[in-house]
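Below: structure13.tsv (TSV, C-alpha atoms and all ligand atoms)
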```tsv
chain	number	residue	atom	x	y	z
A	1	MET	CA	-2.84	31.55	-89.03
A	2	PRO	CA	-4.95	33.27	-91.79
A	3	GLY	CA	-8.25	31.53	-92.60
A	4	LEU	CA	-7.95	29.18	-89.65
A	5	ARG	CA	-9.46	29.41	-86.19
A	6	THR	CA	-6.77	29.10	-83.51
A	7	ILE	CA	-7.40	27.05	-80.38
A	8	THR	CA	-4.66	27.15	-77.79
A	9	PHE	CA	-2.86	24.34	-75.98
A	10	GLU	CA	-4.14	25.77	-72.70
A	11	GLN	CA	-7.80	25.82	-73.81
A	12	ILE	CA	-7.60	22.15	-74.75
A	13	ALA	CA	-5.59	20.99	-71.73
A	14	SER	CA	-7.92	22.76	-69.32
A	15	ALA	CA	-11.04	21.40	-71.08
A	16	VAL	CA	-9.71	17.83	-70.94
A	17	GLU	CA	-8.69	18.26	-67.28
A	18	GLY	CA	-12.29	19.21	-66.44
A	19	LEU	CA	-13.76	16.39	-68.52
A	20	CYS	CA	-11.61	13.75	-66.78
A	21	ILE	CA	-12.79	14.93	-63.35
A	22	LYS	CA	-16.44	15.30	-64.39
A	23	ALA	CA	-16.61	11.91	-66.13
A	24	ASN	CA	-15.21	10.17	-63.06
A	25	THR	CA	-17.41	11.90	-60.48
A	26	GLN	CA	-20.75	12.66	-62.16
A	27	ILE	CA	-23.00	10.06	-63.67
A	28	GLY	CA	-24.60	11.02	-67.01
A	29	ALA	CA	-28.27	12.08	-66.91
A	30	ASP	CA	-29.21	9.24	-69.29
A	31	VAL	CA	-27.46	6.63	-67.12
A	32	LYS	CA	-29.11	8.05	-64.00
A	33	GLU	CA	-32.53	7.78	-65.64
A	34	ALA	CA	-31.85	4.24	-66.88
A	35	LEU	CA	-30.83	3.16	-63.37
A	36	GLU	CA	-33.99	4.69	-61.88
A	37	LYS	CA	-36.13	2.80	-64.40
A	38	ALA	CA	-34.21	-0.43	-63.75
A	39	HIS	CA	-34.63	0.04	-59.99
A	40	ALA	CA	-38.39	0.32	-60.42
A	41	ALA	CA	-38.58	-2.68	-62.77
A	42	GLU	CA	-36.14	-5.13	-61.10
A	43	ALA	CA	-38.01	-8.21	-59.90
A	44	SER	CA	-35.31	-9.62	-57.61
A	45	PRO	CA	-35.34	-7.98	-54.14
A	46	LEU	CA	-31.55	-8.36	-53.90
A	47	GLY	CA	-31.12	-6.94	-57.42
A	48	LYS	CA	-33.31	-3.96	-56.49
A	49	THR	CA	-31.25	-3.35	-53.33
A	50	ILE	CA	-28.01	-3.46	-55.34
A	51	ILE	CA	-29.29	-0.94	-57.91
A	52	GLY	CA	-30.34	1.24	-54.94
A	53	HIS	CA	-26.78	1.05	-53.55
A	54	ILE	CA	-25.36	1.94	-56.98
A	55	MET	CA	-27.65	5.01	-57.12
A	56	GLU	CA	-26.63	6.02	-53.58
A	57	ASN	CA	-22.95	5.60	-54.48
A	58	ASN	CA	-23.44	7.81	-57.56
A	59	ALA	CA	-25.08	10.52	-55.46
A	60	ILE	CA	-22.25	10.46	-52.88
A	61	ALA	CA	-19.64	10.75	-55.65
A	62	GLU	CA	-21.39	13.74	-57.20
A	63	ASN	CA	-22.01	15.56	-53.90
A	64	GLU	CA	-18.55	14.96	-52.44
A	65	LEU	CA	-16.63	15.17	-55.75
A	66	VAL	CA	-15.05	11.75	-55.28
A	67	PRO	CA	-14.66	9.04	-57.95
A	68	ILE	CA	-17.72	6.85	-58.60
A	69	CYS	CA	-15.42	3.81	-58.84
A	70	GLN	CA	-11.88	2.99	-57.73
A	71	ASP	CA	-11.09	2.06	-61.34
A	72	THR	CA	-10.92	5.53	-62.88
A	73	GLY	CA	-9.91	3.96	-66.15
A	74	MET	CA	-7.60	4.52	-69.07
A	75	ALA	CA	-8.65	7.79	-70.69
A	76	VAL	CA	-10.17	7.11	-74.09
A	77	VAL	CA	-10.63	10.37	-75.99
A	78	PHE	CA	-12.71	10.91	-79.11
A	79	VAL	CA	-11.75	14.05	-81.01
A	80	THR	CA	-13.68	15.54	-83.93
A	81	ILE	CA	-11.64	18.35	-85.43
A	82	GLY	CA	-12.77	20.80	-88.09
A	83	GLN	CA	-10.36	21.30	-91.01
A	84	GLU	CA	-10.35	25.04	-90.31
A	85	VAL	CA	-8.94	24.63	-86.80
A	86	PHE	CA	-5.31	25.36	-86.02
A	87	VAL	CA	-4.09	24.00	-82.70
A	88	GLU	CA	-1.27	25.96	-81.14
A	89	GLY	CA	1.24	23.68	-79.45
A	90	GLY	CA	0.03	20.23	-80.59
A	91	LEU	CA	-3.34	18.57	-80.07
A	92	THR	CA	-2.12	15.18	-78.78
A	93	ASP	CA	0.25	16.83	-76.30
A	94	ALA	CA	-2.52	19.16	-75.09
A	95	ILE	CA	-4.92	16.24	-74.54
A	96	ASN	CA	-2.32	14.26	-72.60
A	97	GLU	CA	-1.49	17.33	-70.51
A	98	GLY	CA	-5.22	17.63	-69.69
A	99	VAL	CA	-5.37	13.96	-68.67
A	100	ARG	CA	-2.25	14.40	-66.51
A	101	ARG	CA	-3.73	17.43	-64.71
A	102	GLY	CA	-7.23	15.98	-64.39
A	103	TYR	CA	-6.07	12.73	-62.81
A	104	GLU	CA	-3.77	14.61	-60.44
A	105	LYS	CA	-6.20	17.37	-59.40
A	106	GLY	CA	-9.19	15.02	-59.20
A	107	TYR	CA	-7.30	12.50	-57.02
A	108	LEU	CA	-8.11	9.86	-59.64
A	109	ARG	CA	-6.23	6.56	-59.58
A	110	LYS	CA	-3.41	6.35	-62.13
A	111	SER	CA	-3.87	3.04	-63.89
A	112	VAL	CA	-1.61	3.15	-66.97
A	113	VAL	CA	1.64	1.20	-67.36
A	114	LYS	CA	4.48	2.26	-69.70
A	115	ASP	CA	4.81	-1.07	-71.44
A	116	PRO	CA	2.27	-3.92	-71.49
A	117	LEU	CA	4.99	-6.44	-70.62
A	118	ILE	CA	7.20	-4.33	-68.34
A	119	ARG	CA	4.53	-3.12	-66.00
A	120	VAL	CA	5.78	0.16	-64.55
A	121	ASN	CA	3.10	2.79	-63.88
A	122	THR	CA	3.51	6.00	-65.91
A	123	GLY	CA	2.41	7.86	-62.76
A	124	ASP	CA	0.04	10.31	-64.45
A	125	ASN	CA	-2.48	8.10	-66.32
A	126	THR	CA	-1.02	9.10	-69.70
A	127	PRO	CA	-0.90	8.35	-72.53
A	128	ALA	CA	-4.57	8.48	-73.41
A	129	VAL	CA	-5.99	6.38	-76.23
A	130	ILE	CA	-7.07	9.05	-78.73
A	131	HIS	CA	-9.30	8.63	-81.78
A	132	TYR	CA	-9.34	11.46	-84.34
A	133	ASP	CA	-11.99	12.29	-86.88
A	134	ILE	CA	-11.45	15.17	-89.33
A	135	VAL	CA	-14.56	17.00	-90.51
A	136	PRO	CA	-15.41	20.27	-92.31
A	137	GLY	CA	-15.72	23.43	-90.17
A	138	ASP	CA	-13.91	25.28	-87.38
A	139	LYS	CA	-15.06	23.46	-84.25
A	140	LEU	CA	-13.23	21.06	-81.98
A	141	HIS	CA	-15.33	18.46	-80.19
A	142	ILE	CA	-13.73	16.38	-77.43
A	143	MET	CA	-15.30	13.47	-75.58
A	144	VAL	CA	-13.51	11.79	-72.68
A	145	ALA	CA	-14.60	8.23	-71.84
A	146	PRO	CA	-12.48	6.77	-69.02
A	147	LYS	CA	-12.55	2.99	-69.49
A	148	GLY	CA	-12.23	0.58	-66.59
A	149	PHE	CA	-10.66	-2.76	-67.33
A	150	GLY	CA	-12.98	-5.02	-65.34
A	151	SER	CA	-15.35	-4.46	-68.26
A	152	GLU	CA	-12.74	-3.88	-71.00
A	153	ASN	CA	-11.23	-7.32	-70.33
A	154	MET	CA	-14.58	-8.89	-71.26
A	155	SER	CA	-14.34	-7.66	-74.89
A	156	GLN	CA	-14.65	-10.14	-77.75
A	157	LEU	CA	-13.90	-10.05	-81.47
A	158	LYS	CA	-14.81	-12.59	-84.12
A	159	MET	CA	-14.37	-12.64	-87.87
A	160	PHE	CA	-17.52	-14.42	-89.09
A	161	LYS	CA	-18.10	-15.64	-92.61
A	162	PRO	CA	-20.99	-13.87	-94.39
A	163	ALA	CA	-22.90	-17.19	-94.47
A	164	ASP	CA	-22.86	-17.31	-90.65
A	165	GLY	CA	-25.39	-14.48	-90.73
A	166	VAL	CA	-27.17	-12.54	-88.02
A	167	GLU	CA	-28.07	-15.59	-85.91
A	168	ALA	CA	-24.36	-16.31	-85.34
A	169	ILE	CA	-23.86	-12.69	-84.33
A	170	LYS	CA	-26.71	-12.81	-81.81
A	171	LYS	CA	-25.30	-16.01	-80.28
A	172	PHE	CA	-21.81	-14.47	-80.08
A	173	VAL	CA	-23.00	-11.30	-78.33
A	174	ILE	CA	-25.19	-13.16	-75.84
A	175	GLU	CA	-22.40	-15.65	-75.07
A	176	ALA	CA	-19.91	-12.80	-74.57
A	177	VAL	CA	-22.22	-11.30	-71.92
A	178	GLU	CA	-22.88	-14.72	-70.36
A	179	LYS	CA	-19.14	-15.50	-70.14
A	180	ALA	CA	-18.49	-12.07	-68.66
A	181	GLY	CA	-20.98	-12.77	-65.85
A	182	PRO	CA	-20.39	-10.48	-62.85
A	183	ASN	CA	-16.93	-9.29	-64.00
A	184	PRO	CA	-17.97	-6.12	-65.89
A	185	CYS	CA	-20.14	-4.92	-62.93
A	186	PRO	CA	-23.70	-5.27	-64.27
A	187	PRO	CA	-26.04	-3.65	-65.09
A	188	ILE	CA	-23.88	-3.08	-68.15
A	189	VAL	CA	-24.01	-1.20	-71.44
A	190	VAL	CA	-23.25	-3.51	-74.37
A	191	GLY	CA	-21.55	-2.04	-77.44
A	192	VAL	CA	-21.54	-4.08	-80.63
A	193	GLY	CA	-19.65	-3.23	-83.82
A	194	ILE	CA	-20.51	-5.07	-87.02
A	195	GLY	CA	-18.70	-4.59	-90.33
A	196	GLY	CA	-15.63	-2.76	-91.61
A	197	THR	CA	-12.35	-4.54	-90.91
A	198	MET	CA	-11.04	-6.18	-87.73
A	199	GLU	CA	-9.98	-2.87	-86.12
A	200	LYS	CA	-12.99	-0.94	-87.43
A	201	ALA	CA	-15.41	-3.41	-85.81
A	202	SER	CA	-13.62	-2.96	-82.46
A	203	PHE	CA	-13.73	0.82	-82.83
A	204	LEU	CA	-17.46	0.68	-83.63
A	205	ALA	CA	-18.12	-1.45	-80.54
A	206	LYS	CA	-16.34	1.15	-78.38
A	207	LYS	CA	-18.17	4.01	-80.12
A	208	ALA	CA	-21.49	2.23	-79.53
A	209	LEU	CA	-20.91	2.61	-75.77
A	210	LEU	CA	-21.05	6.40	-76.11
A	211	ARG	CA	-24.58	6.54	-77.44
A	212	HIS	CA	-27.15	8.21	-75.19
A	213	ILE	CA	-29.14	5.47	-73.41
A	214	GLY	CA	-32.63	5.43	-74.88
A	215	HIS	CA	-31.47	6.38	-78.39
A	216	HIS	CA	-31.67	3.51	-80.84
A	217	SER	CA	-30.14	2.94	-84.26
A	218	GLU	CA	-31.82	4.86	-87.07
A	219	LYS	CA	-31.68	1.70	-89.16
A	220	GLU	CA	-34.86	-0.25	-88.53
A	221	HIS	CA	-33.27	-3.74	-88.71
A	222	ILE	CA	-30.45	-2.69	-86.36
A	223	ALA	CA	-32.86	-1.09	-83.86
A	224	ALA	CA	-34.81	-4.39	-83.88
A	225	LEU	CA	-31.56	-6.31	-83.30
A	226	GLU	CA	-30.69	-4.04	-80.35
A	227	LYS	CA	-34.11	-4.64	-78.81
A	228	GLU	CA	-33.93	-8.42	-79.28
A	229	LEU	CA	-30.40	-8.63	-77.85
A	230	LEU	CA	-31.37	-6.55	-74.80
A	231	GLU	CA	-34.34	-8.78	-74.08
A	232	LYS	CA	-32.30	-11.98	-74.45
A	233	ILE	CA	-29.42	-10.63	-72.35
A	234	ASN	CA	-31.80	-9.59	-69.57
A	235	ASN	CA	-33.37	-13.05	-69.68
A	236	LEU	CA	-29.96	-14.58	-68.81
A	237	GLY	CA	-30.70	-13.77	-65.15
A	238	ILE	CA	-27.17	-12.50	-64.37
A	239	GLY	CA	-28.67	-9.39	-62.75
A	240	PRO	CA	-27.14	-6.45	-60.85
A	241	GLN	CA	-23.52	-7.24	-59.87
A	242	GLY	CA	-24.13	-10.81	-61.08
A	243	LEU	CA	-26.27	-11.74	-58.08
A	244	GLY	CA	-29.43	-12.54	-60.06
A	245	GLY	CA	-32.26	-10.51	-61.50
A	246	ASN	CA	-33.68	-9.23	-64.73
A	247	THR	CA	-31.43	-6.18	-65.12
A	248	THR	CA	-28.19	-7.41	-66.68
A	249	ALA	CA	-27.92	-4.67	-69.31
A	250	LEU	CA	-29.29	-1.12	-69.40
A	251	THR	CA	-29.04	-1.01	-73.18
A	252	VAL	CA	-27.47	-2.70	-76.21
A	253	ASN	CA	-26.15	-0.36	-78.89
A	254	VAL	CA	-25.11	-1.68	-82.29
A	255	GLU	CA	-23.04	0.33	-84.79
A	256	THR	CA	-22.45	-0.92	-88.34
A	257	TYR	CA	-20.19	-0.07	-91.28
A	258	PRO	CA	-19.89	-1.37	-94.86
A	259	THR	CA	-17.63	-4.41	-95.12
A	260	HIS	CA	-15.90	-6.73	-97.61
A	261	ILE	CA	-17.91	-9.28	-99.65
A	262	ALA	CA	-16.02	-12.11	-97.94
A	263	GLY	CA	-16.33	-10.96	-94.33
A	264	LEU	CA	-18.58	-10.24	-91.35
A	265	PRO	CA	-16.45	-8.88	-88.49
A	266	CYS	CA	-18.17	-8.47	-85.13
A	267	ALA	CA	-16.82	-6.99	-81.88
A	268	VAL	CA	-18.36	-6.69	-78.43
A	269	ASN	CA	-17.24	-4.07	-75.92
A	270	ILE	CA	-18.84	-3.75	-72.50
A	271	ASN	CA	-19.18	-0.83	-70.09
A	272	CYS	CA	-19.96	-1.19	-66.39
A	273	HIS	CA	-23.02	0.58	-64.92
A	274	VAL	CA	-21.07	3.86	-64.67
A	275	ALA	CA	-20.82	4.11	-68.49
A	276	ARG	CA	-18.60	7.19	-68.20
A	277	HIS	CA	-18.33	9.73	-70.98
A	278	THR	CA	-18.55	13.49	-71.09
A	279	GLU	CA	-17.94	16.03	-73.82
A	280	ILE	CA	-17.25	19.64	-74.79
A	281	GLU	CA	-17.19	21.68	-77.98
A	282	LEU	CA	-14.56	24.39	-78.34
A	301	LIG	O1	-8.79	-2.01	-61.77
A	301	LIG	C1	-9.67	-2.17	-60.92
A	301	LIG	O2	-9.83	-1.41	-59.99
A	301	LIG	C2	-10.59	-3.33	-60.97
A	301	LIG	C3	-11.32	-3.53	-62.22
A	301	LIG	O3	-12.01	-2.47	-62.74
A	301	LIG	C4	-12.28	-4.67	-61.95
A	301	LIG	O4	-13.48	-4.49	-62.14
A	301	LIG	O5	-11.81	-5.73	-61.59
```

Here is a file; write its structure as structure tokens.
Amino acid sequence: MPGLRTITFEQIASAVEGLCIKANTQIGADVKEALEKAHAAEASPLGKTIIGHIMENNAIAENELVPICQDTGMAVVFVTIGQEVFVEGGLTDAINEGVRRGYEKGYLRKSVVKDPLIRVNTGDNTPAVIHYDIVPGDKLHIMVAPKGFGSENMSQLKMFKPADGVEAIKKFVIEAVEKAGPNPCPPIVVGVGIGGTMEKASFLAKKALLRHIGHHSEKEHIAALEKELLEKINNLGIGPQGLGGNTTALTVNVETYPTHIAGLPCAVNINCHVARHTEIEL
């Protein structure tokens, strides 16, 4: 198509196929580094041993190309598409075809049911949950973040009143982690979304999980909030796999968005220690 850059169905499907396999078998470099630091700093001998087992498990998965965890997740896909891109054959269909192939070729467990109330497996881990963002330019950026439900089920959302303020938010986030206990497989990554509307806050909490561990918010007051929440969460003593220790979370990432004068939405989304996400630009 004149003036547009064409990307084919096959290019996208094969990229997504590779991302699904890579995300499920190779730990991110930032997560690996965070686990090494946590291993060195963990005060509980049992906690230290557990982090050591997690690191060993990650190495086996990478060397033998087997899944890091039996829960290979529902495929959550973040797409940033330039306005000058033309996708031959349909972007959503191409992404789902990539998920289908990746889960089949990678021997990844298929965990998606057709209907939330009539629970029949779709058999190929589709459909993915896909988030689109349209931007200027002619590039297509795809990130695949397979999400396990041991951690997803620990999510929380609350519509605070503005007068509740930041103290209520801190309490809510810490209580969400405390209630979750061992269920999300600590050490966890905590994503917090504050602002927007009900669904925007949830989206922000999910997006917060994708941030590189070690990168903090550029907003000074939010970076300070992240640091305070991490310290308080690690003081809960839940520890690796919930068996005690000072490493409950590897990081807390907070994303914000403008909101209505009458509201203060806040969502918490949690990732297990695998914190899977991997990306490509076409
Ligand atoms: O679905 C699973 O394999 C289990 C789940 O991720 C869990 O942590 O309980």

* Using only C-alpha atoms, pick whichever of A:Glu17, A:His273, A:Ala201, A:Ile213 has the shortest atom-to-atom distance to Asn125 (chain A). =>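 Nearest candidate to Asn125 (chain A) out of A:Glu17, A:His273, A:Ala201, A:Ile213: A:Glu17.
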
* For Val189 (chain A), please output as an NGL selection string all residues within 6 Å (counting only C-alpha atoms; exclusion window: fewer than 2 positions along the same chain). => :A and (249-251 or 270-271)

Quick one: which chain A residues come within 6 Å of ligand LIG 301 (chain A), and what is the nearest atom pair for each with the distance in Å to one decimal, counting only C-alpha atoms and all ligand atoms, rows ordered by chain and ascending number, as a tab-separated table?
```
residue	atom	partner	partner_atom	distance
A:Gln70	CA	A:LIG301	O2	5.4
A:Asp71	CA	A:LIG301	O2	3.9
A:Gly148	CA	A:LIG301	O3	4.9
A:Phe149	CA	A:LIG301	O3	4.8
A:Gly150	CA	A:LIG301	O4	3.3
```

Per-residue nearest contacts of region 125-235 of chain A to region 52-64 of chain A (12 Å; all atoms listed in the file) as a Markdown table:
```
| residue | atom | partner | partner_atom | distance |
| --- | --- | --- | --- | --- |
| A:Cys185 | CA | A:Ile54 | CA | 10.5 |
| A:Pro186 | CA | A:Ile54 | CA | 10.4 |
| A:Pro187 | CA | A:Ile54 | CA | 9.9 |
```

* One-decimal distance in Å that lies between CA of Gly214 (chain A) and CA of Ala267 (chain A) ->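 Computing the Euclidean distance for CA of Ala267 (chain A) and CA of Gly214 (chain A) yields 21.3 Å.
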
* Rank nothing, just name the residue among A:Gly89, A:Gly106, A:Gly3, A:Pro45 nearest to Lys22 (chain A), using all atoms listed in the file. =>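 That would be A:Gly106, the residue with the smallest distance to Lys22 (chain A).
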
* **Residue among A:Ile174, A:Ile134, A:Val268, A:Val274 lying closest to Gln26 (chain A), counting all atoms listed in the file** => A:Val274

* Rank nothing, just name the residue among A:Leu204, A:Leu210, A:Leu108, A:Ile95 nearest to Gly73 (chain A), using all atoms listed in the file. => A:Leu108

* Using all atoms listed in the file, which of the listed residues (A:Phe172, A:Phe78, A:Tyr107, A:Phe86) sits closest to Ala128 (chain A)? ->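 Comparing A:Phe172, A:Phe78, A:Tyr107, A:Phe86 against Ala128 (chain A), the winner is A:Phe78.
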
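Across the structure, CA of His141 (chain A) and CA of Ile81 (chain A) are spaced 6.4 Å apart.
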
* Within 6 Å of Gly137 (chain A), counting only C-alpha atoms, which residues qualify if same-chain residues fewer than 2 places away don't, as a ChimeraX atom specification? -> /A:82-84,139

Atoms kept (C-alpha atoms) for selection, written as a PDB file, in the coordinates of the input:
```pdb
ATOM      1  CA  GLY A  82     -12.770  20.800 -88.090  1.00  0.00           C
ATOM      2  CA  GLN A  83     -10.360  21.300 -91.010  1.00  0.00           C
ATOM      3  CA  GLU A  84     -10.350  25.040 -90.310  1.00  0.00           C
ATOM      4  CA  LYS A 139     -15.060  23.460 -84.250  1.00  0.00           C
TER       5      LYS A 139
END
```

* Could you pull the residues within 12 Å of Val192 (chain A), counting all atoms listed in the file, minus those fewer than 3 positions along the same chain, as a ChimeraX atom specification? -> /A:155-158,169-170,172-174,176-177,189,195,200-211,217,222,225-226,229-230,251-257,265-271

* To do: Taking (-33.6, -7.7, -59.8) in the file's own coordinates, collect the residues within 10 Å, counting only C-alpha atoms, and hand them back as a list of chain:residue names.
  =>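 Checked against the point, the hits come out as A:Ala38, A:His39, A:Ala40, A:Ala41, A:Glu42, A:Ala43, A:Ser44, A:Pro45, A:Leu46, A:Gly47, A:Lys48, A:Thr49, A:Ile50, A:Ile51, A:Gly237, A:Ile238, A:Gly239, A:Pro240, A:Leu243, A:Gly244, A:Gly245, A:Asn246, A:Thr247, A:Thr248.
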
* Spatial neighbours of Thr72 (chain A), 10 Å, all atoms listed in the file, chain gap at least 6 places, as a VMD selection string -> chain A and resid 20 to 21 23 to 25 103 107 to 111 125 146 to 149 276

Create the file for the chosen residues now, containing C-alpha atoms and written as a short mmCIF file (atom, residue, chain, number, x, y, z; two decimals), keeping the file's coordinate frame.
```
data_model
loop_
_atom_site.label_atom_id
_atom_site.label_comp_id
_atom_site.auth_asym_id
_atom_site.auth_seq_id
_atom_site.Cartn_x
_atom_site.Cartn_y
_atom_site.Cartn_z
CA CYS A 20 -11.61 13.75 -66.78
CA ILE A 21 -12.79 14.93 -63.35
CA ALA A 23 -16.61 11.91 -66.13
CA ASN A 24 -15.21 10.17 -63.06
CA THR A 25 -17.41 11.90 -60.48
CA TYR A 103 -6.07 12.73 -62.81
CA TYR A 107 -7.30 12.50 -57.02
CA LEU A 108 -8.11 9.86 -59.64
CA ARG A 109 -6.23 6.56 -59.58
CA LYS A 110 -3.41 6.35 -62.13
CA SER A 111 -3.87 3.04 -63.89
CA ASN A 125 -2.48 8.10 -66.32
CA PRO A 146 -12.48 6.77 -69.02
CA LYS A 147 -12.55 2.99 -69.49
CA GLY A 148 -12.23 0.58 -66.59
CA PHE A 149 -10.66 -2.76 -67.33
CA ARG A 276 -18.60 7.19 -68.20
#
```

* Selection: 10 Å around Leu91 (chain A), all atoms listed in the file, excl. self and same-chain fewer than 2 positions, as a ChimeraX atom specification -> /A:7-9,12-13,79,81,86-89,93-97

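Distance annotation: of A:Gly98, A:Ala145, A:Pro182, A:Arg119, the residue with the minimal separation from Ala75 (chain A) is A:Ala145; atom set is only C-alpha atoms.
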
* If you measure from CA of Pro184 (chain A) to CA of Glu152 (chain A), what distance in Å do you get, rounded to one decimal? ->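 Rounded to one decimal, the two atoms are 7.6 Å apart.
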